[in-house]
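Structure, as structure tokens:
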Amino acid sequence: MAGLELLSDQGYRLDGRKATELRKFQARMGVFAQADGSAYLEQGNTKALAVVYGPHEVRGSRSRIRHDRAVINCQYSMATFSTAERKRRPHGDRKSTEMSLHLKQTFEAAVMTQLYPRSQIDIYVKILQSDGGNYSVCVNAATLAVIDAGIPMRDYVCACTVGFVDETPLADLCYAEEGGGVSSLALALLPRGGQIALLQMDARLHQDHLEALMEAAMTACKGVSKVLDQVVRQHLQEASVPSAE
Amino acid sequence: MKDTPLSNCERDFLLKAIEEKKRLDGRQTYDYRKMKITFGTDYGCCFVDLGKTRVMAQVSGELVAPKENRPNEGIMFFNIELSPMASPAFEQGRQSELSVKLNRQLERCLRNSKCIDTESLCVVSGEKVWQIRVDVHMLNHDGNLMDAASIAAITALCHFKRPDVSIQGDEVTVYSAEEREPIPLSIYHMPISVSFSFFQQGTYLLVDPCEREERVMDGLLMIAMNKHREICSIQSSGGIMLLKEQVMRCSKIASVKVSEITELISKALENDKRARKAGGRCGFAESMPQERITALKTDETSVEMTDASERANDIVENAEVPPQTVPSPVVPAPGVGQVGQGLQNTWGLEEEEEDGDEEEEEQKMEEEQDEKEDSREGDVVEISDSEEEEVVILHPETQDKSSKNAASSSNQKGAETSKQRQKK
């Protein structure tokens, strides 16, 4: 996209943010009564809904039962109205399957699955509006949903997508910034230990810039974790007020 | 077909060896297996051997209508086929997780990094562009399919030559290979993926895992780079937690490996070009070495033996003489062979008297054998060692049956004696 200046001389991006600023974060937990845990998350214009069922008995093939831990089953899908052009295949195509696998991998590392042997935890995430950073928003929403379901985790799983433009790392990319060959790095982090649950990068980036980009991603994730923590505490306060009477 | 599970002792052995920095095939931690690149007769067909992992890539092109949002660019399509030929664990037809993972990784490695100039593939803007299709087939799975696939794909793309086209007004003429020399694709850079496997929660790492090592690994980190030290793609998979320092270290190792591999690829392409120019025979059939069926040849694996504390020969020499073998069978009566005395009965009869009785009764039975042989069929034989208090004497015709029943109910005989009874 020629002519679109992703980072102006004064250091402002397309939507007026600075390079290290995250988008506006709004979240709600416990949106569904039916599910064990649910959360709705908006990061800028990207809106995601996450629902958690479990732990429950393993459904479907019995061969998936693990004797010492719970199996995590993730499904990622995008609503047909989520993108600018109507999506013809919301789930089952390769990209969605790959995202589901990545989510599964991320949460298998974070959730304490040894506490629930021979059972299954389902995590369903749906993108209602896609404006960049799909994977990160899914992970954040799923973290809130898992916490809402009361499933113990080692730490918050926070994710952020960062890009590299003009020698500057930009945190929390939006759709316009993601396209156009900008090297984007998606990172899922457990903030307290600094452990990376998932690392994914596309497009060319010189090796020397990798360290700076990863540092920026980790800082952004730590910022996200603070916001998530705030959301959880607020939700608990609101939920516990009636019982305090 | 489901894969045979790995036994615990094999898993422990592999992990222990990795802790001592030893690998099954004698490689060092950062070593790649022996890599061999050969080409087929057509342009765009390439075989890559990485140790025993064998992969084939074929590039083909055809003219299609372009995508609506990109009317000036050609289309690249990648496809990895995992057929049961490569490993019994792969099922035919079903799109397994591994297949999706490999396909997406290859796509991201080659397409998003823009290694090929897609605008040069445009013939008539908005109407006709070249669609370049890369099909990678796994021929043998011995670990690290991703690296082999990426090397095969990029080498095949470098090797491929598309037909020449000319446009006259509205007409597009595609010339075959005989009419005009085909044109190679314009490739900007060669992204190569390097796989790192992590063990014991990220404490140990290995480059280029073989199939056994892949089974016991915790997770995999794939870094795709080109020789200009630009990272084209990073992907971590499996449930491992990485630290930033580990990723940085891996990227440094990857840059070294990638430059080595890129050199190998360029050399292979050079050799092939020379061979074709010289008019020599080239292709898949030529690249297979002439091995005679009658000769058994195996590659010597270089395993480090310097710190072997125990040697098999030493153990055999120092071992004690094996204990006395069982004496040859004793023949107490014709037709009866007795080897040893038999073990104590362990079926729960713990009275000591029984033990004493056992030996007596064995001898008694042997005496009875002699008697039985002498006696005729019609005689009634009293079986003294049965546990029943009353001896039920059945009809003479069923005498053999009763003796058989007694033989099976009594549990103090040696096998030979009971067999002898049943024969009767």
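Ordered as shown in the structure tokens, chains take letters A, B, and onward, while each chain numbers its residues from 1 and ligands are numbered from 1 in the order shown.
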
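The shell of residues at most 10 Å from range 186-188 of chain B, with only C-alpha atoms counted and near chain neighbours (fewer than 2 positions) removed, consists of Ser113, Lys114, Cys115, Ile116, Asp117, Thr118, Glu119, Ser120, Leu121, Ile154, Leu157, Cys158, Lys161, Ile183, Pro184, Met190 and Pro191 of chain B.
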
Handout entry: Interface list for chain A, partner chain B, 9 Å threshold, only C-alpha atoms, as a VMD selection string
Key = chain A and resid 94 to 95 97 to 98 101 to 102 104 to 110 181 183 185 189 to 190 194 to 208 210 to 211 214 to 215

Write the selection just made, keeping N, CA, C and O atoms, as a compact mmCIF listing (two decimals), in the first residue's frame?
```txt
# COMPACT_ATOMS: atom_id res chain seq x y z
N ARG A 94 -7.22 -24.39 6.16
CA ARG A 94 -5.90 -24.63 6.76
C ARG A 94 -5.54 -23.60 7.79
O ARG A 94 -4.98 -23.92 8.84
N LYS A 95 -5.83 -22.34 7.52
CA LYS A 95 -5.40 -21.29 8.46
C LYS A 95 -6.09 -21.46 9.80
O LYS A 95 -5.47 -21.32 10.85
N THR A 97 -7.29 -24.22 11.04
CA THR A 97 -6.77 -25.41 11.72
C THR A 97 -5.41 -25.11 12.34
O THR A 97 -5.12 -25.54 13.46
N GLU A 98 -4.61 -24.34 11.63
CA GLU A 98 -3.31 -24.02 12.18
C GLU A 98 -3.44 -23.17 13.44
O GLU A 98 -2.78 -23.41 14.45
N LEU A 101 -4.42 -25.27 16.30
CA LEU A 101 -3.28 -26.03 16.83
C LEU A 101 -2.40 -25.14 17.69
O LEU A 101 -1.92 -25.55 18.74
N HIS A 102 -2.20 -23.91 17.25
CA HIS A 102 -1.35 -23.01 18.03
C HIS A 102 -1.97 -22.68 19.36
O HIS A 102 -1.29 -22.63 20.39
N LYS A 104 -4.03 -24.53 21.01
CA LYS A 104 -3.94 -25.75 21.83
C LYS A 104 -2.56 -25.86 22.43
O LYS A 104 -2.39 -26.14 23.62
N GLN A 105 -1.57 -25.61 21.62
CA GLN A 105 -0.20 -25.72 22.10
C GLN A 105 0.07 -24.70 23.20
O GLN A 105 0.69 -25.01 24.22
N THR A 106 -0.44 -23.49 23.02
CA THR A 106 -0.22 -22.44 24.01
C THR A 106 -0.84 -22.81 25.34
O THR A 106 -0.23 -22.67 26.39
N PHE A 107 -2.08 -23.29 25.29
CA PHE A 107 -2.75 -23.56 26.56
C PHE A 107 -2.30 -24.86 27.19
O PHE A 107 -2.38 -25.02 28.40
N GLU A 108 -1.82 -25.79 26.40
CA GLU A 108 -1.28 -27.00 27.02
C GLU A 108 -0.08 -26.67 27.87
O GLU A 108 0.20 -27.34 28.86
N ALA A 109 0.66 -25.64 27.48
CA ALA A 109 1.82 -25.26 28.27
C ALA A 109 1.41 -24.52 29.53
O ALA A 109 2.09 -24.58 30.54
N ALA A 110 0.29 -23.82 29.51
CA ALA A 110 -0.05 -22.94 30.62
C ALA A 110 -1.01 -23.56 31.62
O ALA A 110 -0.88 -23.34 32.82
N GLY A 181 3.70 -6.55 3.91
CA GLY A 181 5.06 -7.05 4.09
C GLY A 181 5.78 -6.59 5.32
O GLY A 181 7.00 -6.69 5.41
N SER A 183 7.23 -7.11 8.84
CA SER A 183 7.54 -8.33 9.59
C SER A 183 6.79 -8.28 10.91
O SER A 183 6.99 -7.39 11.71
N LEU A 185 5.60 -10.28 14.47
CA LEU A 185 5.98 -11.35 15.38
C LEU A 185 4.86 -11.50 16.39
O LEU A 185 4.48 -10.53 17.04
N LEU A 189 3.17 -15.14 26.01
CA LEU A 189 4.13 -15.10 27.11
C LEU A 189 3.46 -15.38 28.43
O LEU A 189 2.31 -15.01 28.65
N LEU A 190 4.17 -16.06 29.33
CA LEU A 190 3.74 -16.17 30.71
C LEU A 190 4.58 -15.15 31.47
O LEU A 190 5.75 -15.38 31.73
N GLY A 194 8.74 -15.04 32.38
CA GLY A 194 9.31 -14.65 31.09
C GLY A 194 9.40 -15.80 30.11
O GLY A 194 10.26 -15.80 29.23
N GLN A 195 8.53 -16.79 30.27
CA GLN A 195 8.62 -17.95 29.38
C GLN A 195 7.70 -17.76 28.18
O GLN A 195 6.57 -17.30 28.31
N ILE A 196 8.22 -18.16 27.06
CA ILE A 196 7.48 -17.98 25.81
C ILE A 196 6.73 -19.26 25.48
O ILE A 196 7.33 -20.32 25.32
N ALA A 197 5.41 -19.16 25.42
CA ALA A 197 4.63 -20.35 25.10
C ALA A 197 4.53 -20.56 23.60
O ALA A 197 4.45 -21.69 23.13
N LEU A 198 4.49 -19.49 22.85
CA LEU A 198 4.43 -19.63 21.40
C LEU A 198 5.11 -18.45 20.75
O LEU A 198 4.95 -17.32 21.19
N LEU A 199 5.86 -18.72 19.72
CA LEU A 199 6.58 -17.68 19.00
C LEU A 199 6.34 -17.92 17.52
O LEU A 199 6.54 -19.01 17.01
N GLN A 200 5.89 -16.88 16.85
CA GLN A 200 5.57 -17.05 15.44
C GLN A 200 5.94 -15.79 14.71
O GLN A 200 5.59 -14.70 15.13
N MET A 201 6.67 -15.92 13.62
CA MET A 201 7.05 -14.73 12.87
C MET A 201 6.98 -14.99 11.39
O MET A 201 7.39 -16.05 10.93
N ASP A 202 6.47 -14.02 10.65
CA ASP A 202 6.44 -14.14 9.19
C ASP A 202 7.16 -12.96 8.60
O ASP A 202 7.34 -11.95 9.23
N ALA A 203 7.49 -13.07 7.39
CA ALA A 203 8.10 -12.01 6.59
C ALA A 203 9.52 -11.72 7.05
O ALA A 203 9.91 -12.04 8.16
N ARG A 204 10.27 -11.11 6.21
CA ARG A 204 11.71 -11.03 6.41
C ARG A 204 12.09 -10.03 7.49
O ARG A 204 11.56 -8.94 7.57
N LEU A 205 13.04 -10.44 8.28
CA LEU A 205 13.56 -9.55 9.31
C LEU A 205 15.02 -9.89 9.47
O LEU A 205 15.39 -11.05 9.58
N HIS A 206 15.86 -8.88 9.52
CA HIS A 206 17.27 -9.19 9.68
C HIS A 206 17.55 -9.69 11.09
O HIS A 206 16.93 -9.25 12.05
N GLN A 207 18.49 -10.62 11.19
CA GLN A 207 18.74 -11.29 12.45
C GLN A 207 19.09 -10.31 13.56
O GLN A 207 18.76 -10.53 14.72
N ASP A 208 19.75 -9.23 13.22
CA ASP A 208 20.17 -8.30 14.27
C ASP A 208 18.99 -7.60 14.92
O ASP A 208 19.10 -7.15 16.05
N LEU A 210 16.18 -9.03 15.60
CA LEU A 210 15.31 -9.99 16.28
C LEU A 210 15.24 -9.71 17.77
O LEU A 210 14.17 -9.74 18.37
N GLU A 211 16.39 -9.42 18.36
CA GLU A 211 16.41 -9.23 19.81
C GLU A 211 15.55 -8.04 20.22
O GLU A 211 14.75 -8.13 21.14
N MET A 214 11.88 -8.90 19.91
CA MET A 214 11.39 -9.79 20.97
C MET A 214 11.25 -9.04 22.28
O MET A 214 10.30 -9.25 23.03
N GLU A 215 12.21 -8.16 22.56
CA GLU A 215 12.11 -7.36 23.78
C GLU A 215 10.85 -6.53 23.78
O GLU A 215 10.11 -6.48 24.77
```

Problem - From A:Ile147, A:Met99, A:Val137, A:Val51, residue lying nearest Val111 in chain A [only C-alpha atoms] - result: A:Ile147

Practice task
Extract the full set of helix (DSSP H, G or I) residues from range 4-238 of chain A according to DSSP on the backbone, and format it as a PyMOL selection string.
Solution key: chain A and resi 62-64+94-110+113-115+134-148+175-178+207-238

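Picture a line from CA of Val58 in chain A to CA of Pro84 in chain B; it runs 28.4 Å.
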
Problem - Neighbour list for Leu228 in chain A as a ChimeraX atom specification, cut-off 8 Å, only C-alpha atoms, skip fewer than 3 positions in-chain - result: /A:140,144,156,224-225,231-232

With all heavy atoms retained, could you export that selection as a tab-separated table (two decimals), in the first residue's frame?
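Contents of the output file selection28.tsv:
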```tsv
chain	number	residue	atom	x	y	z
A	140	ASN	N	-5.66	-13.87	24.54
A	140	ASN	CA	-6.07	-13.09	25.71
A	140	ASN	C	-7.49	-13.41	26.11
A	140	ASN	O	-7.79	-13.58	27.30
A	140	ASN	CB	-5.93	-11.59	25.40
A	140	ASN	CG	-4.49	-11.21	25.15
A	140	ASN	OD1	-3.58	-11.85	25.65
A	140	ASN	ND2	-4.28	-10.16	24.36
A	144	LEU	N	-8.87	-15.25	29.75
A	144	LEU	CA	-9.92	-14.77	30.63
A	144	LEU	C	-11.01	-15.83	30.80
A	144	LEU	O	-11.52	-16.03	31.90
A	144	LEU	CB	-10.53	-13.49	30.05
A	144	LEU	CG	-9.65	-12.25	30.15
A	144	LEU	CD1	-10.35	-11.08	29.50
A	144	LEU	CD2	-9.33	-11.92	31.59
A	156	TYR	N	-0.98	-15.98	33.86
A	156	TYR	CA	-1.76	-15.44	32.74
A	156	TYR	C	-1.01	-15.72	31.44
A	156	TYR	O	0.21	-15.63	31.39
A	156	TYR	CB	-1.87	-13.92	32.88
A	156	TYR	CG	-2.81	-13.45	33.94
A	156	TYR	CD1	-2.32	-13.02	35.15
A	156	TYR	CD2	-4.18	-13.41	33.72
A	156	TYR	CE1	-3.16	-12.57	36.13
A	156	TYR	CE2	-5.03	-12.96	34.70
A	156	TYR	CZ	-4.53	-12.54	35.91
A	156	TYR	OH	-5.37	-12.09	36.88
A	224	VAL	N	-0.06	-6.10	28.70
A	224	VAL	CA	-1.35	-6.78	28.54
A	224	VAL	C	-1.70	-7.54	29.80
A	224	VAL	O	-2.85	-7.56	30.25
A	224	VAL	CB	-1.31	-7.72	27.32
A	224	VAL	CG1	-2.55	-8.58	27.26
A	224	VAL	CG2	-1.19	-6.92	26.04
A	225	SER	N	-0.68	-8.15	30.42
A	225	SER	CA	-0.98	-8.96	31.61
A	225	SER	C	-1.51	-8.08	32.73
A	225	SER	O	-2.39	-8.49	33.49
A	225	SER	CB	0.26	-9.72	32.05
A	225	SER	OG	1.12	-8.89	32.79
A	231	VAL	N	-8.81	-6.64	34.91
A	231	VAL	CA	-10.14	-7.07	34.49
A	231	VAL	C	-10.64	-8.18	35.40
A	231	VAL	O	-11.80	-8.19	35.85
A	231	VAL	CB	-10.10	-7.54	33.01
A	231	VAL	CG1	-11.36	-8.27	32.64
A	231	VAL	CG2	-9.87	-6.38	32.09
A	232	VAL	N	-9.75	-9.13	35.70
A	232	VAL	CA	-10.17	-10.27	36.52
A	232	VAL	C	-10.55	-9.81	37.92
A	232	VAL	O	-11.57	-10.21	38.48
A	232	VAL	CB	-9.04	-11.32	36.57
A	232	VAL	CG1	-9.36	-12.40	37.58
A	232	VAL	CG2	-8.81	-11.93	35.21
```
